[in-house]
file input.txt (compact mmCIF, C-alpha atoms)
# COMPACT_ATOMS: atom_id res chain seq x y z
CA MET A 152 -27.98 39.92 28.57
CA LYS A 153 -27.64 37.56 25.64
CA LEU A 154 -25.51 34.54 26.42
CA PRO A 155 -22.85 33.51 23.87
CA THR A 156 -23.95 30.66 21.66
CA THR A 157 -22.06 27.37 21.79
CA THR A 158 -21.54 24.91 18.99
CA HIS A 159 -23.45 21.68 19.43
CA PRO A 160 -21.23 18.55 19.51
CA ILE A 161 -23.26 17.01 16.70
CA GLN A 162 -22.58 20.04 14.53
CA CYS A 163 -18.86 19.71 15.20
CA LEU A 164 -18.98 16.02 14.30
CA LEU A 165 -20.86 16.71 11.08
CA SER A 166 -18.39 19.43 10.15
CA MET A 167 -15.48 17.04 10.70
CA LEU A 168 -17.16 14.32 8.63
CA ILE A 169 -17.77 16.77 5.80
CA LEU A 170 -14.12 17.87 5.85
CA ILE A 171 -12.97 14.25 5.83
CA ALA A 172 -15.33 13.49 2.95
CA PHE A 173 -13.96 16.39 0.89
CA ARG A 174 -10.43 15.30 1.73
CA ALA A 175 -11.21 11.73 0.60
CA ILE A 176 -12.64 13.03 -2.67
CA TYR A 177 -9.47 15.05 -3.22
CA VAL A 178 -7.18 12.09 -2.49
CA PHE A 179 -8.99 9.64 -4.75
CA SER A 180 -9.35 12.24 -7.50
CA SER A 181 -5.60 12.86 -7.42
CA ILE A 182 -4.98 9.09 -7.55
CA TYR A 183 -7.21 8.73 -10.60
CA CYS A 184 -5.68 11.71 -12.40
CA SER A 185 -2.11 10.56 -11.74
CA ARG A 186 -2.82 7.04 -12.98
CA LYS A 187 -4.69 8.25 -16.03
CA GLY A 188 -1.54 10.00 -17.18
CA ASN A 189 0.90 7.20 -16.33
CA GLN A 190 3.40 6.14 -18.95
CA PRO A 191 5.69 3.08 -18.92
CA ARG A 192 8.86 3.77 -16.93
CA ARG A 193 12.05 1.78 -17.09
CA LYS A 194 13.57 2.74 -13.77
CA ARG A 195 11.98 1.82 -10.46
CA ASN A 196 12.36 5.32 -9.09
CA PHE A 197 8.69 5.45 -8.15
CA TYR A 198 8.50 9.02 -6.88
CA PRO A 199 11.34 11.52 -7.45
CA ARG A 200 11.61 13.83 -4.45
CA ASP A 201 13.95 16.17 -2.62
CA ARG A 202 14.23 14.04 0.53
CA PRO A 203 14.34 10.28 1.13
CA ALA A 204 10.94 8.60 1.23
CA ARG A 205 9.97 6.64 4.33
CA THR A 206 9.09 3.32 2.74
CA LEU A 207 6.97 0.37 3.84
CA VAL A 208 7.38 -2.90 1.96
CA VAL A 209 4.93 -5.76 2.46
CA LEU A 210 6.42 -9.21 1.94
CA GLY A 211 3.80 -11.80 1.04
CA SER A 212 4.95 -15.38 1.02
CA GLY A 213 6.58 -17.81 -1.38
CA GLY A 214 6.82 -16.40 -4.88
CA HIS A 215 5.44 -13.02 -3.81
CA THR A 216 8.42 -12.50 -1.51
CA THR A 217 10.87 -13.54 -4.22
CA GLU A 218 9.31 -11.10 -6.68
CA MET A 219 9.28 -8.26 -4.14
CA LEU A 220 12.93 -8.75 -3.22
CA GLY A 221 13.78 -8.49 -6.91
CA ILE A 222 11.74 -5.29 -7.23
CA ILE A 223 13.20 -3.43 -4.28
CA ALA A 224 16.73 -4.55 -5.14
CA GLN A 225 16.67 -1.89 -7.86
CA LEU A 226 15.55 0.94 -5.59
CA GLN A 227 18.06 3.72 -4.98
CA ARG A 228 18.77 3.47 -1.27
CA ASP A 229 19.54 7.17 -0.91
CA ARG A 230 16.03 7.96 -2.18
CA TYR A 231 14.12 5.36 -0.17
CA LYS A 232 14.95 5.21 3.51
CA PRO A 233 14.29 4.11 6.11
CA ILE A 234 12.85 0.92 4.62
CA THR A 235 10.54 -1.15 6.82
CA PHE A 236 9.51 -4.70 5.99
CA ILE A 237 6.09 -5.97 7.08
CA ILE A 238 5.62 -9.73 7.35
CA ALA A 239 2.65 -11.84 8.46
CA CYS A 240 3.04 -13.54 11.84
CA THR A 241 2.53 -16.99 10.34
CA ASP A 242 4.96 -16.40 7.46
CA SER A 243 8.09 -18.36 8.33
CA THR A 244 9.71 -18.27 4.90
CA SER A 245 9.90 -14.56 4.01
CA GLU A 246 12.28 -13.71 6.85
CA ARG A 247 14.66 -16.50 5.88
CA ARG A 248 14.58 -15.44 2.25
CA TYR A 249 15.50 -11.79 2.77
CA GLN A 250 18.12 -12.67 5.39
CA HIS A 251 19.88 -15.06 3.01
CA SER A 252 19.49 -12.96 -0.11
CA ASP A 253 21.91 -10.45 -1.56
CA HIS A 254 19.15 -7.91 -2.06
CA LEU A 255 18.48 -4.70 -0.15
CA LYS A 256 18.29 -5.11 3.62
CA PRO A 257 15.58 -3.39 5.69
CA ASP A 258 16.14 -0.91 8.49
CA SER A 259 13.42 -2.58 10.55
CA VAL A 260 10.98 -5.50 10.36
CA TYR A 261 7.50 -5.81 11.86
CA ARG A 262 5.11 -8.75 11.99
CA ILE A 263 1.35 -8.37 11.74
CA PRO A 264 -1.61 -10.79 11.92
CA ARG A 265 -2.39 -12.26 8.52
CA SER A 266 -5.70 -11.02 7.11
CA ARG A 267 -6.45 -14.27 5.32
CA GLU A 268 -4.79 -17.66 5.48
CA VAL A 269 -4.53 -19.91 2.45
CA GLY A 270 -7.83 -21.79 2.07
CA GLN A 271 -9.66 -19.62 4.59
CA SER A 272 -13.27 -18.80 3.69
CA TYR A 273 -14.06 -15.29 2.49
CA PHE A 274 -16.66 -14.86 5.23
CA THR A 275 -14.31 -15.57 8.15
CA SER A 276 -11.57 -13.55 6.46
CA ILE A 277 -13.71 -10.45 7.03
CA PHE A 278 -13.15 -10.75 10.78
CA THR A 279 -9.46 -11.64 10.54
CA THR A 280 -8.95 -8.70 8.20
CA LEU A 281 -10.60 -6.31 10.67
CA TRP A 282 -8.34 -7.64 13.43
CA SER A 283 -5.31 -7.21 11.20
CA ILE A 284 -6.32 -3.62 10.39
CA ALA A 285 -6.64 -2.80 14.09
CA SER A 286 -3.20 -4.28 14.73
CA VAL A 287 -1.44 -2.57 11.84
CA PHE A 288 -3.01 0.88 12.18
CA ARG A 289 -0.74 1.84 15.08
CA LEU A 290 2.33 0.69 13.14
CA VAL A 291 1.43 2.83 10.15
CA PHE A 292 0.63 5.76 12.45
CA TRP A 293 4.12 5.77 13.98
CA THR A 294 6.07 5.06 10.78
CA ARG A 295 4.20 7.70 8.71
CA PRO A 296 5.18 6.18 5.35
CA ASP A 297 5.65 8.26 2.25
CA VAL A 298 5.46 5.16 0.05
CA LEU A 299 3.93 1.70 0.45
CA ILE A 300 5.11 -0.99 -1.97
CA CYS A 301 3.27 -4.30 -2.16
CA ASN A 302 2.57 -7.07 -4.66
CA GLY A 303 -0.11 -9.27 -3.10
CA PRO A 304 -1.37 -11.41 -1.26
CA GLY A 305 -4.07 -10.40 1.27
CA THR A 306 -1.48 -9.35 3.87
CA CYS A 307 -1.13 -5.97 2.18
CA ILE A 308 -4.84 -5.06 2.34
CA PRO A 309 -4.91 -3.98 6.03
CA VAL A 310 -1.67 -2.04 5.53
CA ALA A 311 -2.99 -0.29 2.43
CA PHE A 312 -6.28 0.51 4.17
CA SER A 313 -4.47 2.04 7.15
CA VAL A 314 -2.16 4.06 4.90
CA ILE A 315 -5.00 5.47 2.80
CA CYS A 316 -7.01 6.40 5.91
CA LEU A 317 -4.08 8.27 7.47
CA ARG A 318 -3.37 9.90 4.13
CA ILE A 319 -6.93 11.20 3.97
CA LEU A 320 -6.48 12.58 7.48
CA GLY A 321 -3.29 14.31 6.33
CA TRP A 322 -1.01 12.35 8.66
CA CYS A 323 1.24 10.86 5.99
CA GLU A 324 1.92 11.16 2.28
CA GLY A 325 1.18 7.46 1.83
CA LYS A 326 1.58 6.84 -1.90
CA LEU A 327 0.44 3.29 -2.75
CA ILE A 328 2.44 1.25 -5.27
CA PHE A 329 0.99 -2.13 -6.22
CA VAL A 330 2.89 -4.53 -8.46
CA GLU A 331 0.72 -7.39 -9.71
CA SER A 332 2.23 -10.86 -9.55
CA PHE A 333 4.29 -11.95 -12.54
CA CYS A 334 2.11 -15.03 -12.97
CA ARG A 335 -0.98 -12.89 -13.59
CA VAL A 336 -1.17 -12.68 -17.39
CA GLU A 337 -4.86 -12.22 -18.26
CA SER A 338 -6.66 -11.49 -14.97
CA LEU A 339 -5.98 -9.67 -11.72
CA SER A 340 -5.60 -11.39 -8.38
CA LEU A 341 -8.21 -10.83 -5.65
CA THR A 342 -5.84 -8.39 -3.94
CA GLY A 343 -5.20 -6.72 -7.28
CA ARG A 344 -8.92 -6.20 -7.89
CA ILE A 345 -9.14 -4.36 -4.57
CA MET A 346 -5.94 -2.35 -4.93
CA TYR A 347 -6.87 -1.34 -8.48
CA PHE A 348 -9.18 1.33 -7.08
CA ILE A 349 -6.87 2.86 -4.47
CA ALA A 350 -3.28 2.48 -5.70
CA ASP A 351 -1.42 5.53 -7.00
CA ARG A 352 0.48 3.28 -9.38
CA PHE A 353 -0.73 -0.15 -10.45
CA ILE A 354 2.02 -2.00 -12.28
CA VAL A 355 1.63 -5.16 -14.36
CA HIS A 356 4.15 -7.36 -16.16
CA TRP A 357 2.12 -8.31 -19.21
CA SER A 358 0.65 -6.25 -22.05
CA GLU A 359 -2.50 -8.42 -21.99
CA LEU A 360 -3.35 -7.07 -18.54
CA GLN A 361 -2.54 -3.49 -19.47
CA GLU A 362 -4.85 -3.67 -22.48
CA LYS A 363 -7.65 -5.08 -20.33
CA TYR A 364 -7.24 -2.63 -17.42
CA ALA A 365 -6.75 0.92 -18.67
CA LEU A 366 -5.37 2.38 -15.45
CA THR A 367 -2.46 -0.03 -15.17
CA GLU A 368 1.15 0.62 -16.07
CA LEU A 369 3.34 -1.86 -17.92
CA LEU A 370 6.72 -2.52 -16.33
CA THR A 371 9.33 -2.69 -19.07

call {"tool": "encode", "arguments": {"input": "input.txt", "output": "structure tokens"}}
result
Amino acid sequence: MKLPTTTHPIQCLLSMLILIAFRAIYVFSSIYCSRKGNQPRRKRNFYPRDRPARTLVVLGSGGHTTEMLGIIAQLQRDRYKPITFIIACTDSTSERRYQHSDHLKPDSVYRIPRSREVGQSYFTSIFTTLWSIASVFRLVFWTRPDVLICNGPGTCIPVAFSVICLRILGWCEGKLIFVESFCRVESLSLTGRIMYFIADRFIVHWSELQEKYALTELLT
């Protein structure tokens, strides 16, 4: 009697990797196509939808936090909720700024390890970034964001990486919105150069940057 054949574990693993690879191709292709057709938009209604979007907002530090608070102040709260702020553990100023501002208040706040401190070498930042990714992955898993909004600095990289991975796996919608810093007129920041390849919408403040980087969108 012929025994039933069983699937080898390696074959199962290869099949899963192939499916993930095709899913990744689909996600990044959709990102490219959506950005290629972007037009300047006056309202910060990033993604019209039938239900409120679960939103993650990464607060950087200093001027980044000030800029981000100004950006999200114009969001329509009925379209973007719940809103979760993510702050680096060593960032002592961002929390004070949003608590004492008149801008939109978050529904929850989480702190994560900073991926790179100011002045830290790029080599050692590789290890701190990996640790930050491991720490933030569980947070992103449980919040299942529909939208991630960030504007620099390196704190947003582990969050964006976790969101895009879970989006490829189909766990969350995870649209990535990156707003380059206002002070960036002719060149992108280090974070911007990374996010340029994975963000669904890459928004700049200056026409000089938009002319130089074709897949950016000018905020008017």

call {"tool": "closest_residue", "arguments": {"input": "input.txt", "among": "A:Ala204, A:Leu255, A:Ile319, A:Ala365", "to": "A:Ala224", "atoms": "only C-alpha atoms"}}
result
A:Leu255

call {"tool": "closest_residue", "arguments": {"input": "input.txt", "among": "A:Cys184, A:Arg318, A:Leu299, A:Ser252", "to": "A:Phe236", "atoms": "all atoms listed in the file"}}
result
A:Leu299

call {"tool": "closest_residue", "arguments": {"input": "input.txt", "among": "A:Arg186, A:Arg248, A:Arg289, A:Arg295", "to": "A:Phe348", "atoms": "all atoms listed in the file"}}
result
A:Arg186

call {"tool": "residues_around", "arguments": {"input": "input.txt", "residues": "A:Pro304", "least_positions_apart": "4", "cutoff": "9 Å", "atoms": "all atoms listed in the file", "output": "number ranges by chain"}}
result
A: 210-212, 215, 267, 308, 340-343

call {"tool": "write_last_selection", "arguments": {"input": "input.txt", "atoms": "C-alpha atoms", "output": "short mmCIF file (atom, residue, chain, number, x, y, z; two decimals), in the frame of the given file"}}
result
data_model
loop_
_atom_site.label_atom_id
_atom_site.label_comp_id
_atom_site.auth_asym_id
_atom_site.auth_seq_id
_atom_site.Cartn_x
_atom_site.Cartn_y
_atom_site.Cartn_z
CA LEU A 210 6.42 -9.21 1.94
CA GLY A 211 3.80 -11.80 1.04
CA SER A 212 4.95 -15.38 1.02
CA HIS A 215 5.44 -13.02 -3.81
CA ARG A 267 -6.45 -14.27 5.32
CA ILE A 308 -4.84 -5.06 2.34
CA SER A 340 -5.60 -11.39 -8.38
CA LEU A 341 -8.21 -10.83 -5.65
CA THR A 342 -5.84 -8.39 -3.94
CA GLY A 343 -5.20 -6.72 -7.28
#

call {"tool": "closest_residue", "arguments": {"input": "input.txt", "among": "A:Thr241, A:Thr294, A:Ser358, A:Ser180", "to": "A:Cys323", "atoms": "only C-alpha atoms"}}
result
A:Thr294

call {"tool": "atom_distance", "arguments": {"input": "input.txt", "atom1": "atom CA of A:Phe312", "atom2": "atom CA of A:Ile284"}}
result
7.5 Å

call {"tool": "closest_residue", "arguments": {"input": "input.txt", "among": "A:Leu226, A:Ala239, A:Ile176, A:Val208", "to": "A:Phe329", "atoms": "only C-alpha atoms"}}
result
A:Val208

call {"tool": "closest_residue", "arguments": {"input": "input.txt", "among": "A:Ser266, A:Ser338, A:Thr306, A:Ser259", "to": "A:Thr235", "atoms": "all atoms listed in the file"}}
result
A:Ser259

call {"tool": "atom_distance", "arguments": {"input": "input.txt", "atom1": "atom CA of A:Ile223", "atom2": "atom CA of A:Ser313"}}
result
21.7 Å

call {"tool": "atom_distance", "arguments": {"input": "input.txt", "atom1": "atom CA of A:Gly303", "atom2": "atom CA of A:Val209"}}
result
8.3 Å

call {"tool": "residues_around", "arguments": {"input": "input.txt", "residues": "A:Trp322", "least_positions_apart": "3", "cutoff": "10 Å", "atoms": "all atoms listed in the file", "output": "ChimeraX atom specification"}}
result
/A:291-293,295-296,314-319,325

call {"tool": "write_last_selection", "arguments": {"input": "input.txt", "atoms": "C-alpha atoms", "output": "CSV table (one decimal), in the frame of the given file"}}
result
chain,number,residue,atom,x,y,z
A,291,VAL,CA,1.4,2.8,10.2
A,292,PHE,CA,0.6,5.8,12.4
A,293,TRP,CA,4.1,5.8,14.0
A,295,ARG,CA,4.2,7.7,8.7
A,296,PRO,CA,5.2,6.2,5.4
A,314,VAL,CA,-2.2,4.1,4.9
A,315,ILE,CA,-5.0,5.5,2.8
A,316,CYS,CA,-7.0,6.4,5.9
A,317,LEU,CA,-4.1,8.3,7.5
A,318,ARG,CA,-3.4,9.9,4.1
A,319,ILE,CA,-6.9,11.2,4.0
A,325,GLY,CA,1.2,7.5,1.8

call {"tool": "residues_around", "arguments": {"input": "input.txt", "residues": "A:Val298", "least_positions_apart": "5", "cutoff": "7 Å", "atoms": "all atoms listed in the file", "output": "PDB file with C-alpha atoms, in the frame of the given file"}}
result
ATOM      1  CA  ALA A 204      10.940   8.600   1.230  1.00  0.00           C
ATOM      2  CA  ARG A 205       9.970   6.640   4.330  1.00  0.00           C
ATOM      3  CA  THR A 206       9.090   3.320   2.740  1.00  0.00           C
ATOM      4  CA  LEU A 207       6.970   0.370   3.840  1.00  0.00           C
ATOM      5  CA  GLY A 325       1.180   7.460   1.830  1.00  0.00           C
ATOM      6  CA  LYS A 326       1.580   6.840  -1.900  1.00  0.00           C
ATOM      7  CA  LEU A 327       0.440   3.290  -2.750  1.00  0.00           C
TER       8      LEU A 327
END

call {"tool": "build_atoms", "arguments": {"input": "input.txt", "residues": "stretch 208-231 of chain A", "atoms": "N, CA and C atoms", "output": "PDB file, in the coordinates of the input"}}
result
ATOM      1  N   VAL A 208       7.406  -1.832   2.955  1.00  0.00           N
ATOM      2  CA  VAL A 208       7.380  -2.900   1.960  1.00  0.00           C
ATOM      3  C   VAL A 208       6.705  -4.114   2.585  1.00  0.00           C
ATOM      4  N   VAL A 209       5.641  -4.585   1.952  1.00  0.00           N
ATOM      5  CA  VAL A 209       4.930  -5.760   2.460  1.00  0.00           C
ATOM      6  C   VAL A 209       5.457  -7.001   1.738  1.00  0.00           C
ATOM      7  N   LEU A 210       5.985  -7.940   2.513  1.00  0.00           N
ATOM      8  CA  LEU A 210       6.420  -9.210   1.940  1.00  0.00           C
ATOM      9  C   LEU A 210       5.288 -10.217   2.100  1.00  0.00           C
ATOM     10  N   GLY A 211       4.884 -10.817   1.000  1.00  0.00           N
ATOM     11  CA  GLY A 211       3.800 -11.800   1.040  1.00  0.00           C
ATOM     12  C   GLY A 211       4.318 -13.131   1.537  1.00  0.00           C
ATOM     13  N   SER A 212       4.390 -14.079   0.677  1.00  0.00           N
ATOM     14  CA  SER A 212       4.950 -15.380   1.020  1.00  0.00           C
ATOM     15  C   SER A 212       5.286 -16.098  -0.274  1.00  0.00           C
ATOM     16  N   GLY A 213       6.215 -17.029  -0.196  1.00  0.00           N
ATOM     17  CA  GLY A 213       6.580 -17.810  -1.380  1.00  0.00           C
ATOM     18  C   GLY A 213       7.061 -16.950  -2.521  1.00  0.00           C
ATOM     19  N   GLY A 214       6.412 -17.124  -3.681  1.00  0.00           N
ATOM     20  CA  GLY A 214       6.820 -16.400  -4.880  1.00  0.00           C
ATOM     21  C   GLY A 214       6.634 -14.901  -4.773  1.00  0.00           C
ATOM     22  N   HIS A 215       5.644 -14.455  -3.991  1.00  0.00           N
ATOM     23  CA  HIS A 215       5.440 -13.020  -3.810  1.00  0.00           C
ATOM     24  C   HIS A 215       6.670 -12.374  -3.173  1.00  0.00           C
ATOM     25  N   THR A 216       7.227 -13.043  -2.173  1.00  0.00           N
ATOM     26  CA  THR A 216       8.420 -12.500  -1.510  1.00  0.00           C
ATOM     27  C   THR A 216       9.594 -12.450  -2.469  1.00  0.00           C
ATOM     28  N   THR A 217       9.776 -13.509  -3.251  1.00  0.00           N
ATOM     29  CA  THR A 217      10.870 -13.540  -4.220  1.00  0.00           C
ATOM     30  C   THR A 217      10.750 -12.407  -5.219  1.00  0.00           C
ATOM     31  N   GLU A 218       9.532 -12.182  -5.729  1.00  0.00           N
ATOM     32  CA  GLU A 218       9.310 -11.100  -6.680  1.00  0.00           C
ATOM     33  C   GLU A 218       9.581  -9.742  -6.040  1.00  0.00           C
ATOM     34  N   MET A 219       9.104  -9.543  -4.800  1.00  0.00           N
ATOM     35  CA  MET A 219       9.280  -8.260  -4.140  1.00  0.00           C
ATOM     36  C   MET A 219      10.750  -7.964  -3.875  1.00  0.00           C
ATOM     37  N   LEU A 220      11.501  -8.966  -3.459  1.00  0.00           N
ATOM     38  CA  LEU A 220      12.930  -8.750  -3.220  1.00  0.00           C
ATOM     39  C   LEU A 220      13.634  -8.335  -4.499  1.00  0.00           C
ATOM     40  N   GLY A 221      13.201  -8.893  -5.627  1.00  0.00           N
ATOM     41  CA  GLY A 221      13.780  -8.490  -6.910  1.00  0.00           C
ATOM     42  C   GLY A 221      13.409  -7.059  -7.278  1.00  0.00           C
ATOM     43  N   ILE A 222      12.186  -6.644  -6.921  1.00  0.00           N
ATOM     44  CA  ILE A 222      11.740  -5.290  -7.230  1.00  0.00           C
ATOM     45  C   ILE A 222      12.509  -4.249  -6.426  1.00  0.00           C
ATOM     46  N   ILE A 223      12.574  -4.454  -5.122  1.00  0.00           N
ATOM     47  CA  ILE A 223      13.200  -3.430  -4.280  1.00  0.00           C
ATOM     48  C   ILE A 223      14.719  -3.444  -4.387  1.00  0.00           C
ATOM     49  N   ALA A 224      15.283  -4.513  -4.954  1.00  0.00           N
ATOM     50  CA  ALA A 224      16.730  -4.550  -5.140  1.00  0.00           C
ATOM     51  C   ALA A 224      17.198  -3.432  -6.061  1.00  0.00           C
ATOM     52  N   GLN A 225      16.302  -2.935  -6.906  1.00  0.00           N
ATOM     53  CA  GLN A 225      16.670  -1.890  -7.860  1.00  0.00           C
ATOM     54  C   GLN A 225      16.332  -0.485  -7.367  1.00  0.00           C
ATOM     55  N   LEU A 226      15.815  -0.383  -6.154  1.00  0.00           N
ATOM     56  CA  LEU A 226      15.550   0.940  -5.590  1.00  0.00           C
ATOM     57  C   LEU A 226      16.869   1.630  -5.230  1.00  0.00           C
ATOM     58  N   GLN A 227      16.893   2.930  -5.384  1.00  0.00           N
ATOM     59  CA  GLN A 227      18.060   3.720  -4.980  1.00  0.00           C
ATOM     60  C   GLN A 227      17.957   3.989  -3.481  1.00  0.00           C
ATOM     61  N   ARG A 228      18.882   3.427  -2.721  1.00  0.00           N
ATOM     62  CA  ARG A 228      18.770   3.470  -1.270  1.00  0.00           C
ATOM     63  C   ARG A 228      18.817   4.899  -0.723  1.00  0.00           C
ATOM     64  N   ASP A 229      19.485   5.794  -1.404  1.00  0.00           N
ATOM     65  CA  ASP A 229      19.540   7.170  -0.910  1.00  0.00           C
ATOM     66  C   ASP A 229      18.215   7.896  -1.100  1.00  0.00           C
ATOM     67  N   ARG A 230      17.334   7.348  -1.937  1.00  0.00           N
ATOM     68  CA  ARG A 230      16.030   7.960  -2.180  1.00  0.00           C
ATOM     69  C   ARG A 230      14.927   7.324  -1.340  1.00  0.00           C
ATOM     70  N   TYR A 231      15.135   6.086  -0.910  1.00  0.00           N
ATOM     71  CA  TYR A 231      14.120   5.360  -0.170  1.00  0.00           C
ATOM     72  C   TYR A 231      14.701   4.844   1.146  1.00  0.00           C
TER      73      TYR A 231
END
